[in-house]
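S.K.: Sharing final_11.txt, compact mmCIF, C-alpha atoms:
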```
# COMPACT_ATOMS: atom_id res chain seq x y z
CA MET M 993 66.11 75.27 84.17
CA LEU M 994 63.20 77.65 84.35
CA GLN M 995 62.05 76.88 80.85
CA ALA M 996 62.57 73.69 78.93
CA MET M 997 63.20 73.85 75.22
CA GLY M 998 60.00 73.42 73.26
CA GLU M 999 57.90 75.41 75.72
CA GLU M 1000 56.40 78.83 75.02
CA GLN M 1001 58.91 81.53 74.09
CA MET M 1002 60.28 83.62 76.95
CA ARG M 1003 59.81 87.35 76.47
CA ALA M 1004 62.57 89.57 77.87
CA GLU M 1005 62.38 93.35 77.96
CA ILE M 1006 65.05 95.87 78.96
CA VAL M 1007 63.48 99.12 80.11
CA VAL M 1008 65.42 102.28 79.24
CA TYR M 1009 64.91 105.93 80.12
CA GLU M 1010 66.61 109.31 79.74
CA GLY M 1011 70.11 109.07 81.21
CA VAL M 1012 70.33 105.28 81.24
CA ASP M 1013 73.87 103.92 81.08
CA GLU M 1014 74.51 102.52 77.61
CA LEU M 1015 76.49 99.45 78.67
CA ASP M 1016 74.03 98.62 81.45
CA ALA M 1017 71.35 98.18 78.79
CA ILE M 1018 73.20 97.06 75.68
CA ALA M 1019 75.44 94.41 77.27
CA PRO M 1020 72.51 92.22 78.38
CA PHE M 1021 70.65 93.06 75.18
CA GLU M 1022 73.45 91.64 73.04
CA VAL M 1023 73.87 88.54 75.20
CA LEU M 1024 70.15 87.76 75.06
CA SER M 1025 69.95 88.56 71.36
CA VAL M 1026 72.71 86.06 70.62
CA ALA M 1027 71.08 83.48 72.90
CA ALA M 1028 67.82 83.92 71.02
CA GLY M 1029 69.46 82.23 68.05
CA SER M 1030 69.36 78.89 69.86
CA ALA M 1031 66.79 79.37 72.64
CA ARG M 1032 63.09 80.17 72.69
CA LEU M 1033 63.67 83.76 73.71
CA SER M 1034 62.90 87.25 72.43
CA VAL M 1035 64.43 90.47 73.73
CA GLU M 1036 63.52 94.10 73.15
CA LEU M 1037 64.45 97.55 74.41
CA VAL M 1038 61.35 99.29 75.78
CA CYS M 1039 60.39 102.49 77.56
CA LEU M 1040 57.36 103.63 79.52
CA ASP M 1041 55.81 105.83 76.86
CA ALA M 1042 55.62 105.88 73.09
CA ARG M 1043 58.74 107.54 71.73
CA GLN M 1044 61.35 106.78 69.11
CA SER M 1045 64.50 107.23 71.17
CA VAL M 1046 66.00 108.09 74.56
CA GLY M 1047 69.21 109.91 75.37
CA SER M 1048 71.71 107.86 77.35
CA ALA M 1049 74.26 108.77 80.00
CA HIS M 1050 77.17 109.27 77.60
CA GLY M 1051 75.27 110.88 74.76
CA ILE M 1052 74.21 108.00 72.52
CA GLU M 1053 70.61 108.13 71.30
CA LEU M 1054 69.02 104.70 71.72
CA ARG M 1055 66.24 103.79 69.33
CA VAL M 1056 63.36 102.42 71.38
CA PRO M 1057 60.38 101.45 69.22
CA ALA M 1058 58.42 99.55 71.89
CA VAL M 1059 56.56 100.31 75.12
CA LEU M 1060 56.87 98.21 78.28
CA GLY M 1061 54.54 95.26 78.00
CA ALA M 1062 54.08 92.09 80.03
CA PRO M 1063 57.51 90.42 79.95
CA ASP M 1064 58.52 87.17 81.57
CA LEU M 1065 61.87 88.80 82.38
CA LEU M 1066 62.37 92.52 82.94
CA ILE M 1067 65.92 93.89 83.09
CA VAL M 1068 66.34 97.29 84.76
CA PRO M 1069 69.64 99.09 83.99
CA GLY M 1070 71.05 101.97 85.98
CA GLY M 1071 72.62 105.26 85.03
CA GLY M 1072 73.88 108.57 86.39
CA TRP M 1073 73.76 107.75 90.09
CA ALA M 1074 77.36 108.59 90.95
CA ALA M 1075 77.40 111.65 88.67
CA GLY M 1076 74.35 113.15 90.37
CA VAL M 1077 73.00 114.42 87.03
CA SER M 1078 69.47 115.64 86.27
CA THR M 1079 68.61 112.50 84.30
CA GLY M 1080 69.03 108.84 85.12
CA VAL M 1081 68.10 106.76 88.15
CA ARG M 1082 67.70 109.64 90.61
CA ALA M 1083 65.35 111.47 88.24
CA GLU M 1084 63.28 108.34 87.67
CA ILE M 1085 63.00 107.79 91.43
CA ALA M 1086 61.80 111.39 91.83
CA ARG M 1087 59.19 110.93 89.08
CA GLY M 1088 58.03 107.62 90.47
CA ALA M 1089 56.49 106.18 87.31
CA LEU M 1090 59.28 103.72 86.51
CA PRO M 1091 59.54 102.17 90.00
CA ALA M 1092 55.76 101.76 89.98
CA ALA M 1093 55.85 100.07 86.58
CA VAL M 1094 58.66 97.74 87.71
CA ARG M 1095 56.65 96.79 90.78
CA ALA M 1096 53.58 96.11 88.64
CA CYS M 1097 55.59 93.78 86.40
CA HIS M 1098 56.81 91.91 89.46
CA GLU M 1099 53.27 91.59 90.80
CA ARG M 1100 52.23 90.07 87.47
CA GLY M 1101 54.89 87.39 87.92
CA ALA M 1102 57.86 88.71 85.95
CA ILE M 1103 61.40 87.87 87.02
CA LEU M 1104 63.23 91.14 87.68
CA ALA M 1105 66.94 91.65 87.06
CA SER M 1106 68.83 94.86 87.81
CA VAL M 1107 72.16 96.02 86.44
CA CYS M 1108 74.33 98.39 88.46
CA THR M 1109 72.24 101.19 90.04
CA GLY M 1110 69.10 99.84 88.44
CA ALA M 1111 68.84 98.13 91.84
CA MET M 1112 67.96 101.52 93.32
CA LEU M 1113 64.80 101.61 91.19
CA LEU M 1114 63.80 98.19 92.54
CA ALA M 1115 64.60 99.33 96.07
CA HIS M 1116 62.49 102.48 95.72
CA ALA M 1117 59.65 100.25 94.52
CA GLY M 1118 59.88 98.42 97.85
CA LEU M 1119 61.07 95.19 96.29
CA LEU M 1120 64.42 94.76 98.05
CA THR M 1121 63.52 95.36 101.68
CA GLY M 1122 65.05 92.52 103.68
CA ARG M 1123 66.26 90.78 100.54
CA PRO M 1124 69.81 90.03 99.36
CA ALA M 1125 71.06 92.28 96.56
CA THR M 1126 74.07 94.01 95.07
CA THR M 1127 74.71 97.16 93.05
CA HIS M 1128 77.50 99.51 91.95
CA HIS M 1129 79.95 100.26 94.77
CA ALA M 1130 78.94 103.94 94.75
CA ALA M 1131 75.36 103.05 95.65
CA ARG M 1132 75.86 100.26 98.19
CA ASP M 1133 75.25 102.46 101.23
CA ALA M 1134 72.14 103.93 99.66
CA LEU M 1135 70.84 100.46 98.81
CA ALA M 1136 71.41 99.33 102.40
CA GLY M 1137 69.44 102.39 103.48
CA TYR M 1138 66.41 100.93 101.70
CA GLY M 1139 66.74 97.81 103.83
CA ALA M 1140 68.42 95.51 101.32
CA ARG M 1141 70.83 92.87 102.63
CA LEU M 1142 74.06 93.62 100.78
CA ILE M 1143 75.91 90.62 99.37
CA ASP M 1144 79.53 90.88 98.23
CA ALA M 1145 79.08 89.16 94.87
CA ARG M 1146 79.00 90.09 91.21
CA ILE M 1147 75.60 88.45 90.74
CA VAL M 1148 73.00 87.91 93.48
CA ASP M 1149 70.27 85.45 92.49
CA ASP M 1150 67.33 85.53 94.87
CA GLY M 1151 64.94 83.68 92.57
CA ASP M 1152 62.38 86.16 91.30
CA ILE M 1153 64.82 89.06 91.71
CA VAL M 1154 68.40 88.95 90.43
CA SER M 1155 70.82 91.85 90.82
CA ALA M 1156 74.23 92.59 89.37
CA ALA M 1157 77.06 94.83 90.53
CA GLY M 1158 78.50 97.69 88.45
CA VAL M 1159 78.23 98.34 84.70
CA THR M 1160 80.13 95.46 83.03
CA SER M 1161 78.43 92.93 85.30
CA GLY M 1162 75.45 93.21 82.95
CA LEU M 1163 77.29 90.76 80.70
CA ASP M 1164 77.65 88.28 83.55
CA LEU M 1165 74.04 88.83 84.63
CA ALA M 1166 72.67 88.05 81.20
CA LEU M 1167 74.89 85.00 80.74
CA TRP M 1168 73.81 83.72 84.14
CA LEU M 1169 70.14 84.21 83.22
CA VAL M 1170 70.72 82.34 79.96
CA GLU M 1171 72.31 79.47 81.87
CA ARG M 1172 69.56 79.47 84.47
CA CYS M 1173 66.72 79.54 81.95
CA PHE M 1174 68.12 77.56 79.01
CA GLY M 1175 71.08 75.60 80.32
CA GLY M 1176 74.85 75.83 80.52
CA ALA M 1177 75.49 74.71 76.94
CA VAL M 1178 73.57 77.67 75.52
CA ALA M 1179 75.34 80.10 77.87
CA VAL M 1180 78.78 78.74 76.98
CA ALA M 1181 78.00 79.00 73.27
CA VAL M 1182 77.02 82.66 73.70
CA GLU M 1183 80.13 83.31 75.79
CA ARG M 1184 82.32 81.85 73.04
CA GLN M 1185 80.60 83.82 70.30
CA LEU M 1186 81.10 87.06 72.22
CA GLU M 1187 84.68 86.07 73.17
CA TYR M 1188 83.97 86.97 76.77
CA VAL M 1189 85.08 85.15 79.91
CA ARG M 1190 82.54 85.36 82.70
CA ARG M 1191 83.44 86.73 86.10
CA GLY M 1192 82.03 85.95 89.53
CA PRO M 1193 81.24 85.22 92.22
CA ILE M 1194 77.56 84.34 91.85
CA TRP M 1195 75.51 84.13 95.04
CA GLN M 1196 72.36 81.98 95.09
CA ALA M 1197 69.58 81.92 97.65
CA PRO M 1198 68.61 78.76 99.52
CA ARG M 1199 66.03 76.60 97.81
CA GLU M 1200 63.19 77.56 100.16
CA GLN M 1201 63.73 81.23 99.32
CA HIS M 1202 64.10 80.66 95.59
CA ARG M 1203 60.70 81.61 94.31
CA ALA M 1204 61.04 81.14 90.57
CA ALA M 1205 59.04 78.14 89.35
CA GLY M 1206 61.03 75.12 88.32
CA GLU M 1207 64.28 76.11 89.99
CA SER M 1208 66.19 73.61 92.05
CA ARG M 1209 68.41 75.06 94.77
CA GLY M 1210 70.29 73.62 97.69
CA PRO M 1211 71.65 75.63 100.63
CA GLU M 1212 72.73 79.25 100.15
CA THR M 1213 75.80 79.16 97.94
CA THR M 1214 78.43 81.35 96.37
CA LYS M 1215 80.23 80.05 93.32
CA THR M 1216 82.60 81.30 90.69
CA ALA M 1217 81.41 81.86 87.14
CA ARG M 1218 82.07 79.14 84.59
```
Go ahead and render the structure in this file as structure tokens.
M.R.:
Amino acid sequence: MLQAMGEEQMRAEIVVYEGVDELDAIAPFEVLSVAAGSARLSVELVCLDARQSVGSAHGIELRVPAVLGAPDLLIVPGGGWAAGVSTGVRAEIARGALPAAVRACHERGAILASVCTGAMLLAHAGLLTGRPATTHHAARDALAGYGARLIDARIVDDGDIVSAAGVTSGLDLALWLVERCFGGAVAVAVERQLEYVRRGPIWQAPREQHRAAGESRGPETTKTAR
């Protein structure tokens, strides 16, 4: 486990922006919120600037009272890539501020996790070049164009960067992170409370490429979810 019980609380933030996909953000938020009941973990929706809410891809206004801080874990959701709309991932890439902020968090030592086309924001930040990753099927060619090594898995765990495939995989991503950081018993308890059955496969990097402190990895593996 990354963090033994009794150690300092892990701070998780999920960064949202205009046009973010609701499920990309809220699915991991709910998983981590439930896990926080039995693990030393806090989770919060954040954005880059001080505002009260952001508009999401399907019209829901998300209340976002906090600004991106210095999280231990930063989750980056996607949104709007396939639709080609004027908000969402493509707009954030064009602006540049969000990819730069994600890169800065990584340089400070945060674990990064992307959901769906959130991987494109990591790629634009230069964080996936030559590294294994996955994303929504509609963005796989574009992700490969940034130099990422595409893996055919629902979750790709490369240590300090974890990526998930499309939309609903945010549930599996968050449950995997809970298992990785706090143990299988906590993850199973959350899974039962949410009445959700995890899906896979989960790909894990070899131990020598697994950069997160405290992790123990053998050879490169692909496994099914619990």
S.K.: For each of M:Ala1089, M:Asp1064, M:Ala1157, M:Leu1120, take the minimum atom-to-atom distance to M:Ala1102, counting only C-alpha atoms, then give the residue where this is smallest.
M.R.: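 Once distances to M:Ala1102 are computed over only C-alpha atoms, the minimum belongs to M:Asp1064.
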S.K.: Which residue, M:Ile1194, M:Leu1033, M:Ala1075, M:Ile1018, has the smallest gap to M:Ile1052 when you use all atoms listed in the file?
M.R.: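 With all atoms listed in the file as the atom set, the closest residue is M:Ile1018.
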S.K.: Which of these residues is nearest to M:Gly1071, using all atoms listed in the file: M:Asp1164, M:Glu1183, M:Glu1084, M:Asp1149?
M.R.: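 Checking each candidate against M:Gly1071, we get M:Glu1084 as the closest.
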S.K.: Figure out the distance between atom CA of M:Ser1025 and atom CA of M:Leu1113, please, to one decimal in Å.
M.R.: 24.3 Å
S.K.: Can you pull out the residues contacting M:Gly1088? Cut-off 9 Å, using only C-alpha atoms, and skip same-chain residues under 4 positions away; I want them as a list in words.
M.R.: Ala1083, Glu1084, Ala1092, Ala1093, His1116 and Ala1117 of chain M
S.K.: Which one is closest to M:Pro1124: M:Val1094, M:Val1023, M:Gln1196, M:Gly1072? Count all atoms listed in the file.
M.R.: M:Gln1196
S.K.: Closest to M:Ala1017 among M:Gly1110, M:Pro1069, M:Gly1158, M:Gly1192, using only C-alpha atoms?
M.R.: M:Pro1069
